[in-house]
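Asker: This is model-v8.cif (mmCIF, C-alpha atoms).
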```
data_work
#
loop_
_atom_site.label_atom_id
_atom_site.label_comp_id
_atom_site.auth_asym_id
_atom_site.auth_seq_id
_atom_site.Cartn_x
_atom_site.Cartn_y
_atom_site.Cartn_z
CA MET L 1 6.03 12.27 1.59
CA ALA L 2 6.62 12.11 5.31
CA GLU L 3 9.31 10.55 7.47
CA ILE L 4 8.04 8.44 10.34
CA TYR L 5 10.32 7.54 13.24
CA VAL L 6 9.87 4.41 15.32
CA ASP L 7 12.05 3.95 18.40
CA VAL L 8 12.15 0.36 19.66
CA ARG L 9 15.41 0.59 21.58
CA GLY L 10 15.23 -1.77 24.57
CA GLU L 11 12.28 -3.67 23.11
CA THR L 12 12.45 -7.40 22.41
CA CYS L 13 10.59 -9.97 20.26
CA PRO L 14 7.95 -9.44 18.88
CA VAL L 15 7.57 -5.72 19.66
CA PRO L 16 10.02 -4.27 17.06
CA LEU L 17 8.24 -6.14 14.24
CA VAL L 18 4.82 -5.17 15.54
CA GLU L 19 5.72 -1.48 15.92
CA MET L 20 7.16 -1.49 12.39
CA ARG L 21 3.91 -2.96 11.09
CA LYS L 22 1.77 -0.44 12.96
CA ALA L 23 3.79 2.42 11.48
CA VAL L 24 3.53 0.94 7.97
CA ARG L 25 -0.24 0.64 8.31
CA LYS L 26 -0.54 4.31 9.28
CA ALA L 27 1.89 5.54 6.59
CA GLN L 28 0.90 6.82 3.16
CA PRO L 29 2.42 5.37 -0.02
CA GLY L 30 5.84 6.96 -0.50
CA ASP L 31 6.40 7.66 3.20
CA VAL L 32 9.71 6.57 4.70
CA ILE L 33 9.65 4.69 8.01
CA GLU L 34 12.84 4.81 10.06
CA ILE L 35 13.09 2.19 12.80
CA THR L 36 15.81 2.33 15.46
CA GLY L 37 16.43 -0.50 17.88
CA ASN L 38 18.98 -2.81 19.46
CA ASN L 39 17.35 -6.24 19.43
CA ALA L 40 19.76 -8.32 17.32
CA ALA L 41 17.17 -10.64 15.76
CA SER L 42 15.00 -7.72 14.65
CA LYS L 43 17.81 -6.32 12.51
CA LYS L 44 17.48 -9.44 10.35
CA GLU L 45 13.74 -9.83 10.66
CA ILE L 46 12.51 -6.30 9.90
CA PRO L 47 13.98 -6.52 6.36
CA MET L 48 12.37 -10.00 6.06
CA ALA L 49 9.02 -8.50 7.05
CA ALA L 50 9.51 -5.57 4.66
CA ASP L 51 10.12 -8.10 1.90
CA ALA L 52 6.98 -10.05 2.85
CA LEU L 53 5.01 -6.79 2.76
CA SER L 54 6.55 -5.86 -0.63
CA LEU L 55 8.19 -2.74 0.81
CA ALA L 56 11.59 -1.42 -0.22
CA VAL L 57 14.44 -1.46 2.31
CA ILE L 58 16.34 1.78 1.68
CA SER L 59 19.16 1.35 4.17
CA ILE L 60 20.39 -0.66 7.15
CA GLU L 61 22.99 0.93 9.42
CA GLU L 62 24.49 -0.20 12.70
CA GLN L 63 26.65 1.48 15.29
CA ASP L 64 27.50 0.11 18.74
CA SER L 65 24.74 -2.59 18.45
CA THR L 66 22.08 0.03 17.72
CA TRP L 67 20.68 -0.31 14.23
CA THR L 68 18.58 1.95 12.04
CA ILE L 69 16.54 0.53 9.19
CA LYS L 70 14.76 2.71 6.64
CA ILE L 71 11.92 1.31 4.59
CA GLN L 72 9.62 2.95 2.10
CA LYS L 73 5.92 2.28 1.68
CA MET Y 1 -2.54 -21.43 0.09
CA ALA Y 2 -3.57 -18.15 1.64
CA ASP Y 3 -1.22 -16.22 3.88
CA LYS Y 4 -3.00 -17.05 7.08
CA THR Y 5 -2.10 -18.45 10.51
CA THR Y 6 -4.70 -20.33 12.56
CA ILE Y 7 -3.95 -21.48 16.10
CA ILE Y 8 -6.02 -23.56 18.49
CA VAL Y 9 -5.29 -22.14 21.94
CA GLN Y 10 -6.21 -25.13 24.10
CA SER Y 11 -3.81 -24.47 26.97
CA GLY Y 12 -4.45 -21.82 29.57
CA ASP Y 13 -0.81 -21.80 30.71
CA MET Y 14 0.86 -18.41 30.75
CA ASP Y 15 3.95 -19.45 28.78
CA LYS Y 16 1.87 -21.14 26.10
CA LEU Y 17 -0.33 -18.07 25.70
CA TYR Y 18 2.90 -16.14 25.16
CA SER Y 19 3.86 -18.59 22.40
CA ALA Y 20 0.46 -18.23 20.74
CA LEU Y 21 0.41 -14.43 20.86
CA ILE Y 22 4.04 -13.99 19.79
CA VAL Y 23 3.57 -16.25 16.74
CA SER Y 24 0.31 -14.42 16.01
CA ASN Y 25 1.76 -10.94 16.26
CA GLY Y 26 4.76 -11.96 14.17
CA SER Y 27 2.38 -13.30 11.52
CA LEU Y 28 0.34 -10.10 11.52
CA ALA Y 29 3.49 -7.97 11.38
CA MET Y 30 4.65 -9.91 8.34
CA GLY Y 31 1.39 -9.34 6.51
CA MET Y 32 -0.56 -12.50 7.31
CA GLU Y 33 -4.10 -12.85 8.66
CA VAL Y 34 -4.49 -14.60 12.02
CA SER Y 35 -7.33 -16.43 13.74
CA LEU Y 36 -7.02 -17.74 17.29
CA TYR Y 37 -9.53 -20.38 18.35
CA PHE Y 38 -9.74 -20.44 22.16
CA THR Y 39 -10.96 -23.74 23.59
CA PHE Y 40 -10.90 -25.65 26.88
CA TRP Y 41 -8.31 -24.29 29.35
CA GLY Y 42 -7.37 -21.65 26.81
CA LEU Y 43 -10.88 -20.22 26.94
CA LEU Y 44 -10.44 -19.41 30.65
CA ARG Y 45 -7.89 -16.79 29.62
CA LEU Y 46 -10.70 -14.91 27.84
CA LYS Y 47 -12.63 -14.53 31.09
CA LYS Y 48 -12.80 -10.94 32.30
CA GLY Y 49 -9.49 -10.29 34.09
CA GLY Y 50 -8.24 -13.76 33.10
CA LEU Y 51 -5.58 -13.00 30.51
CA GLU Y 52 -2.61 -12.85 32.90
CA LYS Y 53 -3.96 -15.47 35.35
CA GLY Y 54 -2.53 -18.61 33.74
CA PRO Y 55 -0.02 -20.77 35.63
CA LEU Y 56 3.42 -21.63 34.29
CA SER Y 57 3.28 -24.98 32.44
CA LYS Y 58 6.39 -26.21 34.27
CA MET Y 59 7.98 -25.20 37.59
CA HIS Y 60 4.94 -23.18 38.63
CA PHE Y 61 5.58 -24.09 42.30
CA LEU Y 62 2.28 -22.70 43.61
CA GLY Y 63 2.91 -19.41 41.88
CA LEU Y 64 6.48 -18.87 43.05
CA GLY Y 65 7.94 -20.11 39.76
CA LYS Y 66 5.60 -17.89 37.78
CA LYS Y 67 6.56 -14.90 39.90
CA MET Y 68 10.25 -15.55 39.28
CA MET Y 69 9.67 -16.02 35.55
CA LEU Y 70 7.68 -12.78 35.34
CA GLY Y 71 10.53 -11.03 37.15
CA ARG Y 72 13.04 -12.30 34.62
CA MET Y 73 10.77 -11.40 31.73
CA LYS Y 74 10.33 -7.88 33.07
CA LYS Y 75 14.10 -7.54 33.38
CA ASN Y 76 14.41 -8.49 29.71
CA ASN Y 77 11.65 -6.06 28.78
CA VAL Y 78 9.26 -8.75 27.48
CA ALA Y 79 5.83 -7.27 26.75
CA SER Y 80 2.89 -8.24 28.99
CA LEU Y 81 0.10 -10.48 27.66
CA GLU Y 82 -2.23 -7.46 27.88
CA ARG Y 83 0.10 -5.51 25.59
CA LEU Y 84 0.49 -8.44 23.16
CA MET Y 85 -3.27 -8.85 23.03
CA ALA Y 86 -3.80 -5.11 22.43
CA ASP Y 87 -1.27 -5.24 19.56
CA PHE Y 88 -2.94 -8.39 18.19
CA LYS Y 89 -6.30 -6.63 18.00
CA GLU Y 90 -4.82 -3.39 16.64
CA LEU Y 91 -3.24 -5.32 13.75
CA GLY Y 92 -6.55 -7.00 12.92
CA GLY Y 93 -6.21 -10.40 14.60
CA LYS Y 94 -9.39 -12.41 15.00
CA ILE Y 95 -10.52 -14.29 18.13
CA ILE Y 96 -13.03 -17.12 18.15
CA ALA Y 97 -14.43 -18.53 21.41
CA CYS Y 98 -15.45 -22.21 21.56
CA GLU Y 99 -19.15 -22.41 22.42
CA MET Y 100 -19.02 -25.99 23.65
CA THR Y 101 -16.33 -25.05 26.19
CA MET Y 102 -18.51 -22.14 27.30
CA ASP Y 103 -21.33 -24.65 27.96
CA ILE Y 104 -19.03 -27.09 29.80
CA MET Y 105 -17.51 -24.37 31.97
CA GLY Y 106 -20.85 -22.60 32.48
CA LEU Y 107 -19.54 -19.38 30.94
CA LYS Y 108 -21.83 -16.79 29.39
CA ARG Y 109 -20.76 -14.18 26.85
CA GLU Y 110 -20.91 -11.51 29.53
CA ASP Y 111 -18.34 -13.49 31.57
CA LEU Y 112 -15.84 -13.10 28.72
CA ILE Y 113 -13.87 -10.11 27.38
CA GLU Y 114 -16.53 -9.59 24.73
CA ASP Y 115 -14.92 -6.61 23.03
CA ILE Y 116 -11.94 -8.68 21.82
CA ILE Y 117 -13.98 -11.70 20.66
CA ASP Y 118 -14.96 -11.59 16.98
CA ASP Y 119 -16.92 -14.80 16.74
CA TYR Y 120 -18.37 -17.69 18.77
CA GLY Y 121 -18.30 -21.09 17.12
CA ALA Y 122 -17.62 -24.80 17.04
CA VAL Y 123 -15.33 -27.11 15.06
CA GLY Y 124 -16.81 -26.12 11.71
CA THR Y 125 -15.79 -22.51 12.29
CA TYR Y 126 -12.25 -23.64 13.06
CA ILE Y 127 -12.05 -25.84 9.94
CA GLN Y 128 -13.27 -23.00 7.73
CA GLU Y 129 -10.43 -20.87 9.12
CA ALA Y 130 -7.77 -23.59 9.08
CA ARG Y 131 -8.41 -25.05 5.62
CA HIS Y 132 -7.18 -21.85 4.02
CA SER Y 133 -4.21 -21.38 6.37
CA ALA Y 134 -0.55 -21.86 5.53
CA ILE Y 135 0.33 -22.16 9.23
CA THR Y 136 -1.84 -24.09 11.69
CA LEU Y 137 -0.75 -24.79 15.27
CA PHE Y 138 -2.22 -26.42 18.35
CA ILE Y 139 -0.94 -24.84 21.54
#
```
Starting from the coordinates I provided, produce the structure as structure tokens.
Answerer:
Amino acid sequence: MAEIYVDVRGETCPVPLVEMRKAVRKAQPGDVIEITGNNAASKKEIPMAADALSLAVISIEEQDSTWTIKIQK
Amino acid sequence: MADKTTIIVQSGDMDKLYSALIVSNGSLAMGMEVSLYFTFWGLLRLKKGGLEKGPLSKMHFLGLGKKMMLGRMKKNNVASLERLMADFKELGGKIIACEMTMDIMGLKREDLIEDIIDDYGAVGTYIQEARHSAITLFI
């Protein structure tokens, strides 16, 4: 089980979603993907996408408008 | 209804190509399949070196408006059309080129960016894609 980090700080629609998807495609079942960014809409939409892809959202944290979302494949 | 998005890209305008590719990449990111059917002015964007050449649909002002818009987009870190297209292909998006438009415009396959085009077809190809799509758009 690996941890994969995706940094999309500074990126805007649709890049955070796309980079999350690319990482998920490359991950093995059980891997945890940690995405960090600061695009406000993506904080809502990455969990939506995880749900659509039947992936578990482990945690969502935010500090000073920078959020970190962990999902598991 | 299958989880699929099918878009007719009829416009060759830069901003409309952005709309098409952003909806497409969002669909792919959220686990859907996507087919883009490029026809008429849209097909010109598939010419070699043509992807970024489209005018702005409004306030183009002989290219000045487009230049200003691109400046503002860069400032806001919006991805280029080249980048969006590369992501689209990496996530498995499909591109269909309209053969009738190729005939009208006198375009041969070698005039187009062949390595990103999955299929060449007519209306029947589009219908086969669209009839099983939950989202269909004409841009």
Asker: Apply the PyMOL selection byres ((chain Y) within 9 of (chain L)) to the file shown and report the selected residues as a PDB file with C-alpha atoms, keeping the file's coordinate frame.
Answerer:
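Everything below was put into selection_7.pdb:
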```pdb
ATOM      1  CA  ILE Y  22       4.040 -13.990  19.790  1.00  0.00           C
ATOM      2  CA  VAL Y  23       3.570 -16.250  16.740  1.00  0.00           C
ATOM      3  CA  ASN Y  25       1.760 -10.940  16.260  1.00  0.00           C
ATOM      4  CA  GLY Y  26       4.760 -11.960  14.170  1.00  0.00           C
ATOM      5  CA  LEU Y  28       0.340 -10.100  11.520  1.00  0.00           C
ATOM      6  CA  ALA Y  29       3.490  -7.970  11.380  1.00  0.00           C
ATOM      7  CA  MET Y  30       4.650  -9.910   8.340  1.00  0.00           C
ATOM      8  CA  GLY Y  31       1.390  -9.340   6.510  1.00  0.00           C
ATOM      9  CA  ASN Y  76      14.410  -8.490  29.710  1.00  0.00           C
ATOM     10  CA  ASN Y  77      11.650  -6.060  28.780  1.00  0.00           C
ATOM     11  CA  VAL Y  78       9.260  -8.750  27.480  1.00  0.00           C
ATOM     12  CA  ALA Y  79       5.830  -7.270  26.750  1.00  0.00           C
ATOM     13  CA  LEU Y  84       0.490  -8.440  23.160  1.00  0.00           C
ATOM     14  CA  ASP Y  87      -1.270  -5.240  19.560  1.00  0.00           C
ATOM     15  CA  PHE Y  88      -2.940  -8.390  18.190  1.00  0.00           C
ATOM     16  CA  GLU Y  90      -4.820  -3.390  16.640  1.00  0.00           C
ATOM     17  CA  LEU Y  91      -3.240  -5.320  13.750  1.00  0.00           C
TER      18      LEU Y  91
END
```
Asker: Evaluating the PyMOL selection byres ((chain L and resi 72) around 8) on the displayed file yields which residues, as a ChimeraX atom specification?
Answerer: /L:29-33,55-58,70-71,73
Asker: Report as number ranges by chain the residues that result from applying the PyMOL selection byres ((chain Y and resi 44) around 12) to the structure here.
Answerer: Y: 9-14, 17, 38-43, 45-55, 97-98, 101-102, 104-108, 111-113
Asker: Could you give me the centre and size, in Å to one decimal, of an axis-aligned box around all listed atoms of stretch 71-87 of chain Y with 4 Å added on every side, as lines of an AutoDock Vina configuration file?
Answerer:
```
center_x = 5.3
center_y = -8.7
center_z = 28.4
size_x = 26.2
size_y = 15.2
size_z = 25.6
```
Asker: Name the residues within 9 Å of (-17.3, -11.4, 14.7), counting only C-alpha atoms in the file's coordinates, and put them as a list in words.
Answerer: Lys94, Ile95, Ile96, Ile117, Asp118, Asp119 and Tyr120 of chain Y
Asker: Emit the selected residues as a short mmCIF file (atom, residue, chain, number, x, y, z; two decimals), keeping the file's coordinate frame, including C-alpha atoms.
Answerer:
```cif
data_model
loop_
_atom_site.label_atom_id
_atom_site.label_comp_id
_atom_site.auth_asym_id
_atom_site.auth_seq_id
_atom_site.Cartn_x
_atom_site.Cartn_y
_atom_site.Cartn_z
CA LYS Y 94 -9.39 -12.41 15.00
CA ILE Y 95 -10.52 -14.29 18.13
CA ILE Y 96 -13.03 -17.12 18.15
CA ILE Y 117 -13.98 -11.70 20.66
CA ASP Y 118 -14.96 -11.59 16.98
CA ASP Y 119 -16.92 -14.80 16.74
CA TYR Y 120 -18.37 -17.69 18.77
#
```
Asker: As an exercise, work out the distance from atom CA of Y:Ser80 to atom CA of Y:Asp103 in Å and give it to one decimal place.
Answerer: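 Separation of atom CA of Y:Ser80 and atom CA of Y:Asp103: 29.3 Å.
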Asker: What does the distance from atom CA of Y:Ile135 to atom CA of Y:Leu21 come to in Å, to one decimal?
Answerer: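 That distance, rounded to one decimal, is 14.0 Å.
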Asker: In Å to one decimal, how far is atom CA of L:Val6 from atom CA of L:Lys43?
Answerer: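 These two atoms are separated by 13.6 Å.
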Asker: Please provide as a ChimeraX atom specification all residues within 6 Å of Y:Val34, with the sequence filter that same-chain residues fewer than 6 positions apart are discarded (counting only C-alpha atoms).
Answerer: /Y:4-6,93
Asker: Go through Y:Lys75, Y:Met32, Y:Lys89, Y:Gly65 and flag the residue nearest Y:Ile116, using only C-alpha atoms for the distances.
Answerer: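 Smallest distance to Y:Ile116 is found for Y:Lys89.
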Asker: Set the distance at 12 Å and use all atoms listed in the file: which residues neighbour L:Gln63 once local chain neighbours fewer than 6 positions away are removed? I'd like the list as a list of chain:residue names.
Answerer: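 The filter keeps L:Thr36, L:Gly37, L:Asn38, L:Ile69.
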Asker: Got time to write the residues from that selection, C-alpha atoms, as a compact mmCIF listing (two decimals), keeping the file's coordinate frame?
Answerer:
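Below is the file that was written, result.txt:
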```
# COMPACT_ATOMS: atom_id res chain seq x y z
CA THR L 36 15.81 2.33 15.46
CA GLY L 37 16.43 -0.50 17.88
CA ASN L 38 18.98 -2.81 19.46
CA ILE L 69 16.54 0.53 9.19
```
Asker: May I ask which of the residues Y:Asp15, Y:Lys66, Y:Gly121, Y:Ile8 is the closest one to Y:Leu36, counting all atoms listed in the file?
Answerer: Y:Ile8
Asker: Select, from Y:Glu99, Y:Ala86, Y:Leu62, Y:Met73, the residue with the minimum atom-to-atom distance to Y:Thr125, counting all atoms listed in the file.
Answerer: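 Of all the options, Y:Glu99 lies closest to Y:Thr125.
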Asker: L:Val8, L:Ala41, L:Ala2, L:Ile60: which is nearest L:Ala27, counting all atoms listed in the file?
Answerer: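 Of L:Val8, L:Ala41, L:Ala2, L:Ile60, the one nearest L:Ala27, counting all atoms listed in the file, is L:Ala2.
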Asker: Since the input lacks atoms, please generate N, CA and C atoms for stretch 6-24 of chain L and provide them as a short mmCIF file (atom, residue, chain, number, x, y, z; two decimals), in the coordinates of the input.
Answerer:
```cif
data_model
loop_
_atom_site.label_atom_id
_atom_site.label_comp_id
_atom_site.auth_asym_id
_atom_site.auth_seq_id
_atom_site.Cartn_x
_atom_site.Cartn_y
_atom_site.Cartn_z
N VAL L 6 10.33 5.41 14.35
CA VAL L 6 9.87 4.41 15.32
C VAL L 6 11.07 4.03 16.18
N ASP L 7 10.94 4.26 17.48
CA ASP L 7 12.05 3.95 18.40
C ASP L 7 11.69 2.70 19.20
N VAL L 8 12.40 1.60 18.91
CA VAL L 8 12.15 0.36 19.66
C VAL L 8 13.41 -0.07 20.42
N ARG L 9 14.22 0.92 20.80
CA ARG L 9 15.41 0.59 21.58
C ARG L 9 14.98 0.00 22.92
N GLY L 10 15.58 -1.11 23.30
CA GLY L 10 15.23 -1.77 24.57
C GLY L 10 14.10 -2.79 24.43
N GLU L 11 13.40 -2.75 23.30
CA GLU L 11 12.28 -3.67 23.11
C GLU L 11 12.77 -5.00 22.54
N THR L 12 12.06 -6.08 22.90
CA THR L 12 12.45 -7.40 22.41
C THR L 12 11.29 -8.03 21.63
N CYS L 13 11.55 -9.21 21.08
CA CYS L 13 10.59 -9.97 20.26
C CYS L 13 9.22 -10.05 20.94
N PRO L 14 8.11 -9.81 20.29
CA PRO L 14 7.95 -9.44 18.88
C PRO L 14 7.71 -7.95 18.67
N VAL L 15 7.98 -7.12 19.71
CA VAL L 15 7.57 -5.72 19.66
C VAL L 15 8.17 -4.92 18.49
N PRO L 16 9.50 -5.06 18.19
CA PRO L 16 10.02 -4.27 17.06
C PRO L 16 9.29 -4.53 15.74
N LEU L 17 8.99 -5.80 15.46
CA LEU L 17 8.24 -6.14 14.24
C LEU L 17 6.85 -5.53 14.26
N VAL L 18 6.20 -5.66 15.41
CA VAL L 18 4.82 -5.17 15.54
C VAL L 18 4.77 -3.65 15.38
N GLU L 19 5.72 -2.94 16.01
CA GLU L 19 5.72 -1.48 15.92
C GLU L 19 6.02 -1.02 14.49
N MET L 20 6.89 -1.78 13.80
CA MET L 20 7.16 -1.49 12.39
C MET L 20 5.87 -1.62 11.58
N ARG L 21 5.14 -2.70 11.84
CA ARG L 21 3.91 -2.96 11.09
C ARG L 21 2.84 -1.89 11.36
N LYS L 22 2.74 -1.49 12.63
CA LYS L 22 1.77 -0.44 12.96
C LYS L 22 2.09 0.84 12.20
N ALA L 23 3.38 1.19 12.16
CA ALA L 23 3.79 2.42 11.48
C ALA L 23 3.51 2.32 9.98
N VAL L 24 3.77 1.14 9.41
CA VAL L 24 3.53 0.94 7.97
C VAL L 24 2.05 1.10 7.66
#
```
